[in-house]
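A.B. asks: What follows is data09.csv, made up of CSV, C-alpha atoms:
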```csv
chain,number,residue,atom,x,y,z
H,539,MET,CA,-156.6,-250.9,35.0
H,540,LEU,CA,-155.6,-250.8,38.7
H,541,PRO,CA,-158.3,-249.9,41.3
H,542,THR,CA,-156.9,-247.4,43.8
H,543,SER,CA,-159.6,-247.2,46.4
H,544,GLN,CA,-158.6,-248.7,49.7
H,545,GLY,CA,-162.3,-249.3,50.4
H,546,ASN,CA,-162.2,-252.0,47.6
H,547,LEU,CA,-160.1,-254.2,49.9
H,548,ASN,CA,-161.2,-256.2,52.9
H,549,ASP,CA,-159.1,-256.0,56.1
H,550,LYS,CA,-157.7,-259.5,55.4
H,551,ASP,CA,-156.5,-258.3,52.0
H,552,GLN,CA,-154.4,-255.4,53.4
H,553,VAL,CA,-150.7,-255.9,52.9
H,554,VAL,CA,-149.7,-254.0,56.1
H,555,LEU,CA,-151.2,-251.8,58.8
H,556,VAL,CA,-150.0,-248.2,58.6
H,557,TYR,CA,-150.1,-245.5,61.3
H,558,SER,CA,-149.1,-241.9,60.5
H,559,SER,CA,-148.4,-238.8,62.6
H,560,SER,CA,-147.0,-235.4,61.7
H,561,ARG,CA,-145.7,-232.5,63.7
H,562,PRO,CA,-145.6,-229.4,61.5
H,563,ASN,CA,-143.7,-226.2,62.3
H,564,GLU,CA,-145.2,-222.8,61.6
H,565,LYS,CA,-144.5,-223.4,57.9
H,566,ASN,CA,-145.2,-227.0,57.2
H,567,GLU,CA,-143.2,-228.3,54.2
H,568,ASP,CA,-143.7,-232.1,54.9
H,569,ARG,CA,-146.2,-234.1,52.9
H,570,GLN,CA,-147.1,-237.8,52.8
H,571,TYR,CA,-149.0,-240.3,50.8
H,572,ASP,CA,-150.7,-243.7,51.4
H,573,ASP,CA,-152.7,-245.8,49.0
H,574,THR,CA,-153.6,-249.5,48.5
H,575,PHE,CA,-154.6,-251.0,45.2
H,576,LEU,CA,-154.8,-254.4,43.5
H,577,LEU,CA,-152.2,-255.6,41.0
H,578,ASN,CA,-153.1,-258.8,39.2
H,579,GLY,CA,-155.6,-259.5,42.0
H,580,ALA,CA,-153.0,-259.1,44.8
H,581,PRO,CA,-152.9,-256.1,47.2
H,582,VAL,CA,-150.1,-253.5,47.0
H,583,ARG,CA,-149.4,-250.7,49.4
H,584,VAL,CA,-147.5,-247.5,48.2
H,585,LEU,CA,-146.4,-245.1,50.9
H,586,GLY,CA,-144.5,-241.8,50.6
H,587,VAL,CA,-142.9,-239.2,52.9
H,588,TYR,CA,-141.8,-236.0,51.3
H,589,ASP,CA,-139.7,-233.4,53.1
H,590,GLY,CA,-139.8,-230.0,51.4
H,591,HIS,CA,-137.3,-227.1,51.7
H,592,GLY,CA,-137.4,-223.5,50.5
H,593,GLY,CA,-141.2,-223.7,50.7
H,594,PRO,CA,-143.9,-226.3,50.4
H,595,TRP,CA,-144.4,-226.1,46.6
H,596,THR,CA,-142.2,-229.0,45.4
H,597,SER,CA,-143.3,-231.4,48.2
H,598,GLU,CA,-146.9,-230.6,47.6
H,599,TYR,CA,-146.6,-231.2,43.9
H,600,ILE,CA,-144.7,-234.5,44.1
H,601,SER,CA,-147.0,-235.9,46.8
H,602,ARG,CA,-149.6,-235.9,44.0
H,603,ALA,CA,-147.6,-236.3,40.8
H,604,LEU,CA,-145.2,-239.0,41.9
H,605,PRO,CA,-147.8,-241.6,43.0
H,606,ALA,CA,-149.8,-241.0,39.9
H,607,THR,CA,-146.7,-241.4,37.7
H,608,ILE,CA,-145.7,-244.6,39.5
H,609,GLN,CA,-149.1,-246.1,39.0
H,610,GLN,CA,-149.2,-245.0,35.3
H,611,HIS,CA,-145.8,-246.8,34.7
H,612,ILE,CA,-147.1,-249.9,36.4
H,613,GLU,CA,-150.3,-249.9,34.3
H,614,ASN,CA,-148.3,-249.6,31.2
H,615,ALA,CA,-146.0,-252.6,32.0
H,616,ALA,CA,-146.6,-256.3,32.2
H,617,THR,CA,-145.4,-255.8,35.7
H,618,VAL,CA,-143.5,-258.4,37.8
H,619,SER,CA,-142.0,-257.5,41.1
H,620,SER,CA,-138.4,-257.5,39.8
H,621,TRP,CA,-139.4,-254.6,37.5
H,622,ILE,CA,-140.6,-252.3,40.3
H,623,PRO,CA,-137.1,-250.8,41.1
H,624,ASN,CA,-136.8,-249.7,37.5
H,625,ILE,CA,-140.3,-248.3,37.5
H,626,LEU,CA,-139.6,-246.3,40.7
H,627,VAL,CA,-136.4,-244.8,39.2
H,628,SER,CA,-138.0,-243.8,35.9
H,629,SER,CA,-141.0,-242.3,37.7
H,630,PHE,CA,-138.8,-240.2,40.0
H,631,GLU,CA,-136.8,-238.9,37.0
H,632,GLN,CA,-139.9,-238.2,34.9
H,633,VAL,CA,-141.5,-236.1,37.6
H,634,ASP,CA,-138.4,-234.1,38.2
H,635,ARG,CA,-138.0,-233.4,34.5
H,636,GLY,CA,-141.5,-232.1,34.6
H,637,ILE,CA,-140.5,-229.6,37.3
H,638,VAL,CA,-137.0,-228.5,36.1
H,639,GLU,CA,-137.1,-228.8,32.4
H,640,LEU,CA,-140.6,-227.5,31.9
H,641,ALA,CA,-139.7,-224.3,33.9
H,642,GLU,CA,-136.6,-223.9,31.9
H,643,ALA,CA,-138.4,-224.5,28.6
H,644,ILE,CA,-140.9,-221.8,29.3
H,645,VAL,CA,-138.6,-219.2,30.7
H,646,ALA,CA,-135.3,-219.7,28.7
H,647,PRO,CA,-136.7,-218.6,25.3
H,648,VAL,CA,-138.1,-215.4,26.8
H,649,LEU,CA,-134.8,-214.5,28.4
H,650,SER,CA,-132.6,-215.5,25.5
H,651,SER,CA,-134.6,-213.5,23.0
H,652,ILE,CA,-133.7,-210.3,24.8
H,653,ARG,CA,-130.3,-209.2,23.4
H,654,TYR,CA,-129.6,-205.4,23.0
H,655,ASN,CA,-126.4,-204.5,21.4
H,656,LEU,CA,-126.7,-200.8,21.9
H,657,PRO,CA,-125.0,-198.4,24.3
H,658,PHE,CA,-126.0,-199.3,27.9
H,659,ALA,CA,-127.1,-202.7,26.5
H,660,ARG,CA,-126.4,-204.5,29.8
H,661,GLN,CA,-128.7,-202.2,31.7
H,662,ARG,CA,-131.4,-202.4,29.0
H,663,ASN,CA,-131.2,-206.2,28.9
H,664,ASP,CA,-131.6,-206.3,32.6
H,665,VAL,CA,-134.7,-204.1,32.6
H,666,ALA,CA,-136.2,-205.9,29.7
H,667,LYS,CA,-135.7,-209.3,31.2
H,668,LYS,CA,-137.2,-208.3,34.5
H,669,ALA,CA,-140.2,-206.8,32.7
H,670,ALA,CA,-140.7,-210.0,30.6
H,671,VAL,CA,-140.6,-212.3,33.6
H,672,GLU,CA,-142.9,-210.0,35.7
H,673,GLN,CA,-145.5,-210.2,32.9
H,674,MET,CA,-145.1,-214.0,32.6
H,675,LEU,CA,-145.5,-214.6,36.4
H,676,GLN,CA,-148.8,-212.8,36.5
H,677,TYR,CA,-150.3,-216.1,35.2
H,678,GLN,CA,-150.9,-218.3,38.3
H,679,THR,CA,-150.0,-221.5,36.6
H,680,ARG,CA,-146.6,-220.2,35.6
H,681,LEU,CA,-146.0,-218.7,39.0
H,682,GLU,CA,-146.7,-222.1,40.6
H,683,LEU,CA,-144.4,-223.8,38.1
H,684,ALA,CA,-141.6,-221.3,39.0
H,685,LEU,CA,-142.2,-221.8,42.8
H,686,ARG,CA,-141.9,-225.6,42.6
H,687,ALA,CA,-138.8,-225.3,40.5
H,688,LYS,CA,-137.2,-222.9,42.9
H,689,SER,CA,-138.0,-224.9,46.1
H,690,GLY,CA,-137.1,-228.5,46.5
H,691,SER,CA,-138.0,-231.8,48.3
H,692,THR,CA,-136.6,-235.1,49.3
H,693,ALA,CA,-138.7,-238.2,48.8
H,694,LEU,CA,-139.0,-241.7,50.4
H,695,VAL,CA,-141.3,-244.1,48.7
H,696,ALA,CA,-142.1,-247.7,49.8
H,697,TYR,CA,-143.8,-250.1,47.4
H,698,ILE,CA,-144.9,-253.1,49.5
H,699,ASP,CA,-146.5,-256.3,48.0
H,700,GLN,CA,-147.0,-259.7,49.5
H,701,THR,CA,-143.4,-260.8,48.8
H,702,ASP,CA,-141.2,-257.7,48.6
H,703,ILE,CA,-140.5,-254.2,50.0
H,704,HIS,CA,-138.9,-251.8,47.5
H,705,VAL,CA,-137.8,-248.5,49.0
H,706,ALA,CA,-136.8,-245.6,46.7
H,707,ASN,CA,-134.9,-242.8,48.5
H,708,LEU,CA,-134.0,-239.3,47.3
H,709,GLY,CA,-132.3,-237.3,50.0
H,710,ASP,CA,-132.3,-237.7,53.8
H,711,CYS,CA,-135.6,-239.2,54.8
H,712,ARG,CA,-135.1,-242.7,56.2
H,713,ALA,CA,-136.7,-246.1,56.3
H,714,VAL,CA,-135.7,-248.7,58.9
H,715,LEU,CA,-136.9,-252.3,59.2
H,716,ALA,CA,-137.2,-254.2,62.5
H,717,ARG,CA,-136.8,-258.0,62.0
H,718,ARG,CA,-137.2,-260.5,64.8
H,719,ASP,CA,-133.9,-262.2,65.7
H,720,ALA,CA,-134.9,-265.4,67.5
H,721,ARG,CA,-131.3,-266.4,68.4
H,722,ALA,CA,-130.6,-263.0,70.1
H,723,GLN,CA,-134.2,-262.8,71.6
H,724,ASP,CA,-134.3,-259.3,70.1
H,725,VAL,CA,-135.0,-257.4,66.9
H,726,LYS,CA,-132.5,-256.7,64.2
H,727,VAL,CA,-132.4,-253.1,62.9
H,728,ILE,CA,-132.1,-253.1,59.1
H,729,PRO,CA,-131.7,-249.8,57.2
H,730,LEU,CA,-133.7,-249.7,54.0
H,731,SER,CA,-132.3,-246.4,52.8
H,732,ILE,CA,-129.0,-244.5,52.9
H,733,ASP,CA,-128.8,-240.7,53.6
H,734,GLN,CA,-127.7,-238.9,50.4
H,735,ASP,CA,-125.7,-235.9,51.4
H,736,GLY,CA,-122.2,-234.5,51.3
H,737,HIS,CA,-121.1,-236.4,54.4
H,738,ASN,CA,-121.8,-239.7,52.7
H,739,PRO,CA,-118.4,-240.7,51.1
H,740,VAL,CA,-120.1,-242.6,48.3
H,741,GLU,CA,-122.2,-239.6,47.3
H,742,TYR,CA,-119.3,-237.3,47.7
H,743,THR,CA,-117.2,-239.4,45.4
H,744,ARG,CA,-120.0,-239.8,42.9
H,745,VAL,CA,-120.5,-236.0,42.6
H,746,ARG,CA,-116.8,-235.3,42.3
H,747,GLN,CA,-116.5,-238.0,39.5
H,748,GLU,CA,-119.4,-236.4,37.6
H,749,HIS,CA,-117.6,-233.0,37.6
H,750,PRO,CA,-113.9,-233.9,37.0
H,751,ASN,CA,-113.0,-230.7,35.2
H,752,ASP,CA,-114.4,-228.3,37.9
H,753,THR,CA,-111.7,-225.9,39.1
H,754,MET,CA,-112.7,-226.4,42.7
H,755,ASP,CA,-114.3,-229.0,45.0
H,756,PRO,CA,-118.1,-228.3,44.9
H,757,PHE,CA,-118.4,-229.3,48.5
H,758,ILE,CA,-117.6,-226.8,51.2
H,759,GLY,CA,-118.2,-228.2,54.8
H,760,GLY,CA,-120.1,-231.2,53.4
H,761,ARG,CA,-122.5,-229.0,51.5
H,762,LEU,CA,-122.7,-228.2,47.8
H,763,PHE,CA,-121.1,-224.7,47.6
H,764,GLY,CA,-121.5,-224.5,51.3
H,765,MET,CA,-125.3,-224.3,51.1
H,766,MET,CA,-127.1,-227.5,49.9
H,767,PRO,CA,-126.6,-230.5,52.3
H,768,LEU,CA,-128.3,-232.9,49.9
H,769,THR,CA,-126.9,-234.6,46.8
H,770,ARG,CA,-130.2,-235.8,45.4
H,771,SER,CA,-133.6,-234.0,45.4
H,772,PHE,CA,-136.6,-232.9,43.4
H,773,GLY,CA,-136.7,-229.3,42.2
H,774,ASP,CA,-133.8,-227.2,43.4
H,775,SER,CA,-133.4,-225.9,39.9
H,776,PHE,CA,-130.6,-223.5,40.8
H,777,TYR,CA,-128.2,-226.5,41.1
H,778,LYS,CA,-129.5,-228.1,37.9
H,779,ASN,CA,-130.0,-225.3,35.3
H,780,GLN,CA,-127.3,-224.4,32.7
H,781,SER,CA,-128.1,-220.7,33.0
H,782,THR,CA,-128.1,-218.4,36.0
H,783,ASP,CA,-130.6,-216.1,34.3
H,784,ILE,CA,-133.4,-218.2,35.7
H,785,ALA,CA,-132.1,-217.8,39.3
H,786,GLN,CA,-131.6,-214.1,38.7
H,787,TYR,CA,-134.8,-213.0,36.9
H,788,VAL,CA,-137.3,-215.7,37.8
H,789,PHE,CA,-136.3,-216.9,41.3
H,790,GLY,CA,-135.2,-213.4,42.1
H,791,ASN,CA,-138.6,-211.9,41.3
H,792,ALA,CA,-140.5,-210.3,44.2
H,793,ARG,CA,-143.4,-212.7,43.7
H,794,LEU,CA,-141.2,-215.6,44.7
H,795,ASN,CA,-139.5,-214.0,47.7
H,796,LYS,CA,-140.6,-212.9,51.1
H,797,LYS,CA,-141.1,-209.2,51.6
H,798,GLY,CA,-138.3,-207.7,53.7
H,799,HIS,CA,-135.9,-210.6,53.0
H,800,LEU,CA,-133.0,-210.8,50.6
H,801,SER,CA,-134.2,-212.0,47.2
H,802,TYR,CA,-133.1,-215.4,45.9
H,803,HIS,CA,-130.8,-213.6,43.4
H,804,GLU,CA,-129.2,-211.5,46.1
H,805,THR,CA,-128.6,-214.6,48.3
H,806,MET,CA,-127.3,-216.9,45.5
H,807,SER,CA,-125.4,-214.5,43.1
H,808,PRO,CA,-122.1,-214.9,45.0
H,809,TYR,CA,-122.2,-218.6,44.0
H,810,TYR,CA,-123.1,-218.2,40.3
H,811,HIS,CA,-119.5,-218.5,39.2
H,812,LEU,CA,-119.2,-221.8,41.0
H,813,LEU,CA,-121.8,-223.5,38.8
H,814,GLU,CA,-119.3,-224.7,36.2
H,815,THR,CA,-120.8,-227.9,35.0
H,816,PRO,CA,-124.4,-228.4,36.3
H,817,PRO,CA,-126.4,-230.3,37.2
H,818,TYR,CA,-125.0,-231.0,40.6
H,819,LEU,CA,-128.1,-232.5,42.0
H,820,THR,CA,-129.9,-235.6,40.6
H,821,ALA,CA,-133.4,-236.9,41.0
H,822,THR,CA,-132.4,-240.5,40.4
H,823,PRO,CA,-133.2,-242.4,43.6
H,824,GLU,CA,-131.4,-245.3,45.2
H,825,VAL,CA,-133.7,-248.3,45.5
H,826,ILE,CA,-133.2,-251.0,48.2
H,827,SER,CA,-135.2,-254.2,47.8
H,828,HIS,CA,-136.0,-256.5,50.6
H,829,ARG,CA,-137.6,-259.9,50.4
H,830,ARG,CA,-140.3,-260.1,53.1
H,831,SER,CA,-140.0,-262.6,55.9
H,832,PRO,CA,-142.4,-263.8,58.6
H,833,ASP,CA,-139.8,-262.4,61.0
H,834,ASP,CA,-140.4,-258.8,59.7
H,835,VAL,CA,-142.1,-256.9,62.5
H,836,PHE,CA,-142.4,-253.3,61.4
H,837,MET,CA,-140.9,-250.6,59.3
H,838,ILE,CA,-140.4,-246.9,60.2
H,839,MET,CA,-140.5,-244.2,57.6
H,840,ALA,CA,-139.7,-240.7,58.8
H,841,SER,CA,-138.6,-237.3,57.5
H,842,ASP,CA,-135.3,-235.6,58.3
H,843,GLY,CA,-136.9,-233.8,61.2
H,844,VAL,CA,-136.5,-237.0,63.2
H,845,TRP,CA,-133.0,-238.0,62.0
H,846,ALA,CA,-131.5,-234.5,62.3
H,847,ILE,CA,-132.1,-234.5,66.1
H,848,LYS,CA,-128.7,-234.6,67.9
H,849,GLY,CA,-127.9,-238.2,69.0
H,850,MET,CA,-130.8,-239.7,67.1
H,851,THR,CA,-130.3,-243.3,66.0
H,852,ASN,CA,-132.2,-246.0,64.1
H,853,GLU,CA,-132.0,-248.1,67.3
H,854,TRP,CA,-133.7,-245.5,69.4
H,855,ILE,CA,-136.7,-245.2,67.1
H,856,VAL,CA,-137.0,-248.9,66.8
H,857,ALA,CA,-136.9,-249.3,70.6
H,858,LYS,CA,-139.6,-246.6,71.1
H,859,THR,CA,-141.8,-248.3,68.4
H,860,LEU,CA,-141.5,-251.6,70.2
H,861,GLU,CA,-142.6,-249.9,73.4
H,862,ALA,CA,-145.7,-248.7,71.7
H,863,LEU,CA,-146.5,-252.0,70.1
H,864,SER,CA,-146.1,-253.9,73.3
H,865,ASN,CA,-148.4,-251.6,75.2
H,866,SER,CA,-152.0,-252.7,74.7
H,867,SER,CA,-153.3,-249.2,75.7
H,868,VAL,CA,-151.5,-247.6,72.8
H,869,GLU,CA,-153.9,-247.4,69.8
H,870,ASP,CA,-151.6,-245.5,67.4
H,871,PRO,CA,-147.8,-246.4,67.7
H,872,SER,CA,-146.9,-243.5,65.4
H,873,HIS,CA,-148.5,-241.0,67.8
H,874,TYR,CA,-146.6,-242.6,70.7
H,875,VAL,CA,-143.3,-242.4,68.9
H,876,MET,CA,-144.1,-238.8,67.9
H,877,GLU,CA,-144.6,-237.8,71.5
H,878,GLU,CA,-141.3,-239.4,72.4
H,879,VAL,CA,-139.6,-237.5,69.6
H,880,LYS,CA,-141.1,-234.2,70.7
H,881,THR,CA,-139.3,-234.5,74.0
H,882,ARG,CA,-136.0,-234.3,72.1
H,883,LYS,CA,-137.1,-230.9,70.7
H,884,PRO,CA,-136.9,-231.4,66.9
H,885,GLY,CA,-136.1,-228.2,65.0
H,886,ASP,CA,-138.0,-229.2,61.8
H,887,ASP,CA,-141.3,-230.6,60.6
H,888,VAL,CA,-141.6,-234.3,61.6
H,889,THR,CA,-143.5,-237.0,59.8
H,890,ILE,CA,-143.5,-240.6,61.0
H,891,LYS,CA,-145.1,-243.7,59.5
H,892,VAL,CA,-145.2,-247.0,61.4
H,893,VAL,CA,-145.8,-249.9,59.0
H,894,VAL,CA,-146.8,-253.0,60.9
H,895,PHE,CA,-146.5,-256.4,59.1
H,896,HIS,CA,-148.5,-258.4,61.6
H,897,GLN,CA,-151.6,-257.4,63.6
H,898,LYS,CA,-150.2,-259.4,66.5
H,899,VAL,CA,-146.6,-258.2,66.6
H,900,PRO,CA,-144.1,-260.9,67.6
H,901,LEU,CA,-142.2,-259.0,70.2
H,902,PRO,CA,-138.9,-260.3,71.6
H,903,SER,CA,-140.5,-260.8,75.1
H,904,GLU,CA,-143.1,-263.2,73.8
```
Please, can you express the file's structure as structure tokens?

C.D. replies:
Amino acid sequence: MLPTSQGNLNDKDQVVLVYSSSRPNEKNEDRQYDDTFLLNGAPVRVLGVYDGHGGPWTSEYISRALPATIQQHIENAATVSSWIPNILVSSFEQVDRGIVELAEAIVAPVLSSIRYNLPFARQRNDVAKKAAVEQMLQYQTRLELALRAKSGSTALVAYIDQTDIHVANLGDCRAVLARRDARAQDVKVIPLSIDQDGHNPVEYTRVRQEHPNDTMDPFIGGRLFGMMPLTRSFGDSFYKNQSTDIAQYVFGNARLNKKGHLSYHETMSPYYHLLETPPYLTATPEVISHRRSPDDVFMIMASDGVWAIKGMTNEWIVAKTLEALSNSSVEDPSHYVMEEVKTRKPGDDVTIKVVVFHQKVPLPSE
């Protein structure tokens, strides 16, 4: 059994020092996670940044469900560090199945059982399906299930032990490592994640190869069907389900849509015919593993609200973090970096984690 209370560990046992800051918009869809536990007597730190879209329901759910699933998989395995990437992948996939497939399993039988073959059958089917879904969504648990399947979220999870860093990425949050480069008297910026969207040629090619018989390119302007910029995410069932009935009758229900706005069905129905061979989104993360070194200085984990700022670069964030860590008056480097980011007017929620590998940071000037 793995203890999960950070209070069980002394300061000297902590794997890293972590600072976190967030800047929510009016509707905050970002979530985060941070926990330390012992594995075979050695400390492990698990960190998460989750950037929701279409509402906070998916990001809120996975911020709780994903860490618990990861820990469960670790407890059930005779774990060694080399297995962690596989555990992260299987945990991501399991949690997403619990969102997408469970919603479909509950709703699909209800909708498929309604089949009138009488005059005006189409209209009667439509009315009956709407009524059945309305009755079903009166139950809060099923409403919440539908909401988290309708909305979506990216996820960036870092598993850090005394020898390795494993970063699992789903979407466009980003992790960046700063490593001391003694020869250049500077730090080297090392990406520990790759953005997964339609502008990434590897992702574009992967999706096209998975749908060889589609009559048209699913990407329009770098987005799936001109709408979804991501190629990997949790939730977002519209891009994963085999039937558009769920989008029409469940996601289009008034309980799941803002009053005075177009319903999900009204917005998405022009694209139903394009969903030839779903799923088009996957919840399988890419995992990058990095062997820790005494030269590792810090790691930045941040949501898309940072990286979507025009002209934003990994190098800029690293430089601002170095400024913070070299200033003895700065108590929280993540807050310092956040204030710098705010001057560039981000248009989305922003979450920043600064993960420091040494209490005394070996800055290039030292």

A.B. asks: Restricting the calculation to all atoms listed in the file, which member of H:Arg793, H:Arg569, H:His611, H:His811 is positioned closest to H:Ala693?

C.D. replies: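 Among the listed residues, the smallest separation from H:Ala693 belongs to H:Arg569.
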
A.B. asks: Separation of atom CA of H:Leu585 and atom CA of H:Ala606, in Å?

C.D. replies: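 Interatomic distance, atom CA of H:Leu585 to atom CA of H:Ala606: 12.2 Å.
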
A.B. asks: With all atoms listed in the file as the atoms that count, which of H:Ala706, H:Val556, H:Leu813, H:Leu768 lies nearest to H:Pro756?

C.D. replies: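 Comparing H:Ala706, H:Val556, H:Leu813, H:Leu768 against H:Pro756, the winner is H:Leu813.
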
A.B. asks: Using only C-alpha atoms, I'd like a table of the residues in stretch 689-772 of chain H that come within 8 Å of stretch 587-601 of chain H; for each, show the closest atom pair and its distance in Å rounded to one decimal, ordered by chain and ascending number, as a Markdown table.

C.D. replies:
```
| residue | atom | partner | partner_atom | distance |
| --- | --- | --- | --- | --- |
| H:Ser689 | CA | H:Gly592 | CA | 4.7 |
| H:Gly690 | CA | H:Thr596 | CA | 5.2 |
| H:Ser691 | CA | H:Gly590 | CA | 4.0 |
| H:Thr692 | CA | H:Asp589 | CA | 5.2 |
| H:Ala693 | CA | H:Tyr588 | CA | 4.5 |
| H:Leu694 | CA | H:Val587 | CA | 5.3 |
| H:Val695 | CA | H:Val587 | CA | 6.6 |
| H:Cys711 | CA | H:Asp589 | CA | 7.3 |
| H:Phe772 | CA | H:Thr596 | CA | 7.1 |
```

A.B. asks: Output C-alpha atoms for every residue in that selection, as a PDB file, in the frame of the given file.

C.D. replies:
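Final file, selection32.pdb:
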```pdb
ATOM      1  CA  SER H 689    -138.000-224.900  46.100  1.00  0.00           C
ATOM      2  CA  GLY H 690    -137.100-228.500  46.500  1.00  0.00           C
ATOM      3  CA  SER H 691    -138.000-231.800  48.300  1.00  0.00           C
ATOM      4  CA  THR H 692    -136.600-235.100  49.300  1.00  0.00           C
ATOM      5  CA  ALA H 693    -138.700-238.200  48.800  1.00  0.00           C
ATOM      6  CA  LEU H 694    -139.000-241.700  50.400  1.00  0.00           C
ATOM      7  CA  VAL H 695    -141.300-244.100  48.700  1.00  0.00           C
ATOM      8  CA  CYS H 711    -135.600-239.200  54.800  1.00  0.00           C
ATOM      9  CA  PHE H 772    -136.600-232.900  43.400  1.00  0.00           C
TER      10      PHE H 772
END
```

A.B. asks: Counting all atoms listed in the file, which residues come within 12 Å of (-138.5, -235.1, 64.0), with the point read in the file's coordinates, and could you list them as a PyMOL selection string?

C.D. replies: chain H and resi 559-563+568+589+711-712+839-848+850-851+855+872+875-891

A.B. asks: Once you have the residues from the selection above, write them out as an mmCIF file, keeping the file's coordinate frame, restricted to C-alpha atoms.

C.D. replies:
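The resulting file, again-v4.cif, is shown below:
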```cif
data_model
loop_
_atom_site.group_PDB
_atom_site.id
_atom_site.type_symbol
_atom_site.label_atom_id
_atom_site.label_comp_id
_atom_site.auth_asym_id
_atom_site.auth_seq_id
_atom_site.Cartn_x
_atom_site.Cartn_y
_atom_site.Cartn_z
ATOM 1 C CA SER H 559 -148.400 -238.800 62.600
ATOM 2 C CA SER H 560 -147.000 -235.400 61.700
ATOM 3 C CA ARG H 561 -145.700 -232.500 63.700
ATOM 4 C CA PRO H 562 -145.600 -229.400 61.500
ATOM 5 C CA ASN H 563 -143.700 -226.200 62.300
ATOM 6 C CA ASP H 568 -143.700 -232.100 54.900
ATOM 7 C CA ASP H 589 -139.700 -233.400 53.100
ATOM 8 C CA CYS H 711 -135.600 -239.200 54.800
ATOM 9 C CA ARG H 712 -135.100 -242.700 56.200
ATOM 10 C CA MET H 839 -140.500 -244.200 57.600
ATOM 11 C CA ALA H 840 -139.700 -240.700 58.800
ATOM 12 C CA SER H 841 -138.600 -237.300 57.500
ATOM 13 C CA ASP H 842 -135.300 -235.600 58.300
ATOM 14 C CA GLY H 843 -136.900 -233.800 61.200
ATOM 15 C CA VAL H 844 -136.500 -237.000 63.200
ATOM 16 C CA TRP H 845 -133.000 -238.000 62.000
ATOM 17 C CA ALA H 846 -131.500 -234.500 62.300
ATOM 18 C CA ILE H 847 -132.100 -234.500 66.100
ATOM 19 C CA LYS H 848 -128.700 -234.600 67.900
ATOM 20 C CA MET H 850 -130.800 -239.700 67.100
ATOM 21 C CA THR H 851 -130.300 -243.300 66.000
ATOM 22 C CA ILE H 855 -136.700 -245.200 67.100
ATOM 23 C CA SER H 872 -146.900 -243.500 65.400
ATOM 24 C CA VAL H 875 -143.300 -242.400 68.900
ATOM 25 C CA MET H 876 -144.100 -238.800 67.900
ATOM 26 C CA GLU H 877 -144.600 -237.800 71.500
ATOM 27 C CA GLU H 878 -141.300 -239.400 72.400
ATOM 28 C CA VAL H 879 -139.600 -237.500 69.600
ATOM 29 C CA LYS H 880 -141.100 -234.200 70.700
ATOM 30 C CA THR H 881 -139.300 -234.500 74.000
ATOM 31 C CA ARG H 882 -136.000 -234.300 72.100
ATOM 32 C CA LYS H 883 -137.100 -230.900 70.700
ATOM 33 C CA PRO H 884 -136.900 -231.400 66.900
ATOM 34 C CA GLY H 885 -136.100 -228.200 65.000
ATOM 35 C CA ASP H 886 -138.000 -229.200 61.800
ATOM 36 C CA ASP H 887 -141.300 -230.600 60.600
ATOM 37 C CA VAL H 888 -141.600 -234.300 61.600
ATOM 38 C CA THR H 889 -143.500 -237.000 59.800
ATOM 39 C CA ILE H 890 -143.500 -240.600 61.000
ATOM 40 C CA LYS H 891 -145.100 -243.700 59.500
#
```

A.B. asks: Give me, please, the distance in Å between atom CA of H:Ile703 and atom CA of H:His828, quoted to one decimal.

C.D. replies: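 Result for atom CA of H:Ile703 versus atom CA of H:His828: 5.1 Å, one decimal.
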
A.B. asks: Could you please determine the separation between atom CA of H:Pro739 and atom CA of H:Lys726 in Å, to one decimal place?

C.D. replies: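 Answer for the atom CA of H:Pro739 to atom CA of H:Lys726 separation: 25.0 Å.
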
A.B. asks: Go through H:Asn852, H:Lys778, H:Ala696, H:Leu762 one by one, measure the shortest atom-to-atom distance of each to H:Tyr809 using only C-alpha atoms, and give the residue with the smallest value.

C.D. replies: H:Leu762

A.B. asks: Find the residue from H:Met806, H:Gln632, H:Tyr874, H:Val714 that sits nearest to H:Gly764; use all atoms listed in the file when measuring.

C.D. replies: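 Closest to H:Gly764, using all atoms listed in the file: H:Met806.
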
A.B. asks: Considering only C-alpha atoms, state which residue in the set H:Val554, H:Val825, H:Ala603, H:Ala669 is at the smallest distance from H:Asn624.

C.D. replies: H:Val825

A.B. asks: Just the residues within 10 Å of H:Asn791, please, counting all atoms listed in the file, with nothing from its chain fewer than 5 positions along; format it as a short mmCIF file (atom, residue, chain, number, x, y, z; two decimals) with C-alpha atoms, in the coordinates of the input.

C.D. replies:
```cif
data_model
loop_
_atom_site.label_atom_id
_atom_site.label_comp_id
_atom_site.auth_asym_id
_atom_site.auth_seq_id
_atom_site.Cartn_x
_atom_site.Cartn_y
_atom_site.Cartn_z
CA LYS H 668 -137.20 -208.30 34.50
CA VAL H 671 -140.60 -212.30 33.60
CA GLU H 672 -142.90 -210.00 35.70
CA LEU H 675 -145.50 -214.60 36.40
CA ILE H 784 -133.40 -218.20 35.70
CA ALA H 785 -132.10 -217.80 39.30
CA GLN H 786 -131.60 -214.10 38.70
CA SER H 801 -134.20 -212.00 47.20
CA TYR H 802 -133.10 -215.40 45.90
CA HIS H 803 -130.80 -213.60 43.40
#
```

A.B. asks: Compare H:Lys565, H:Arg721, H:His704, H:His873 by their minimum atom-to-atom distance to H:Arg583, counting all atoms listed in the file, and give me the closest one.

C.D. replies: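 Among the listed residues, H:His704 lies closest to H:Arg583.
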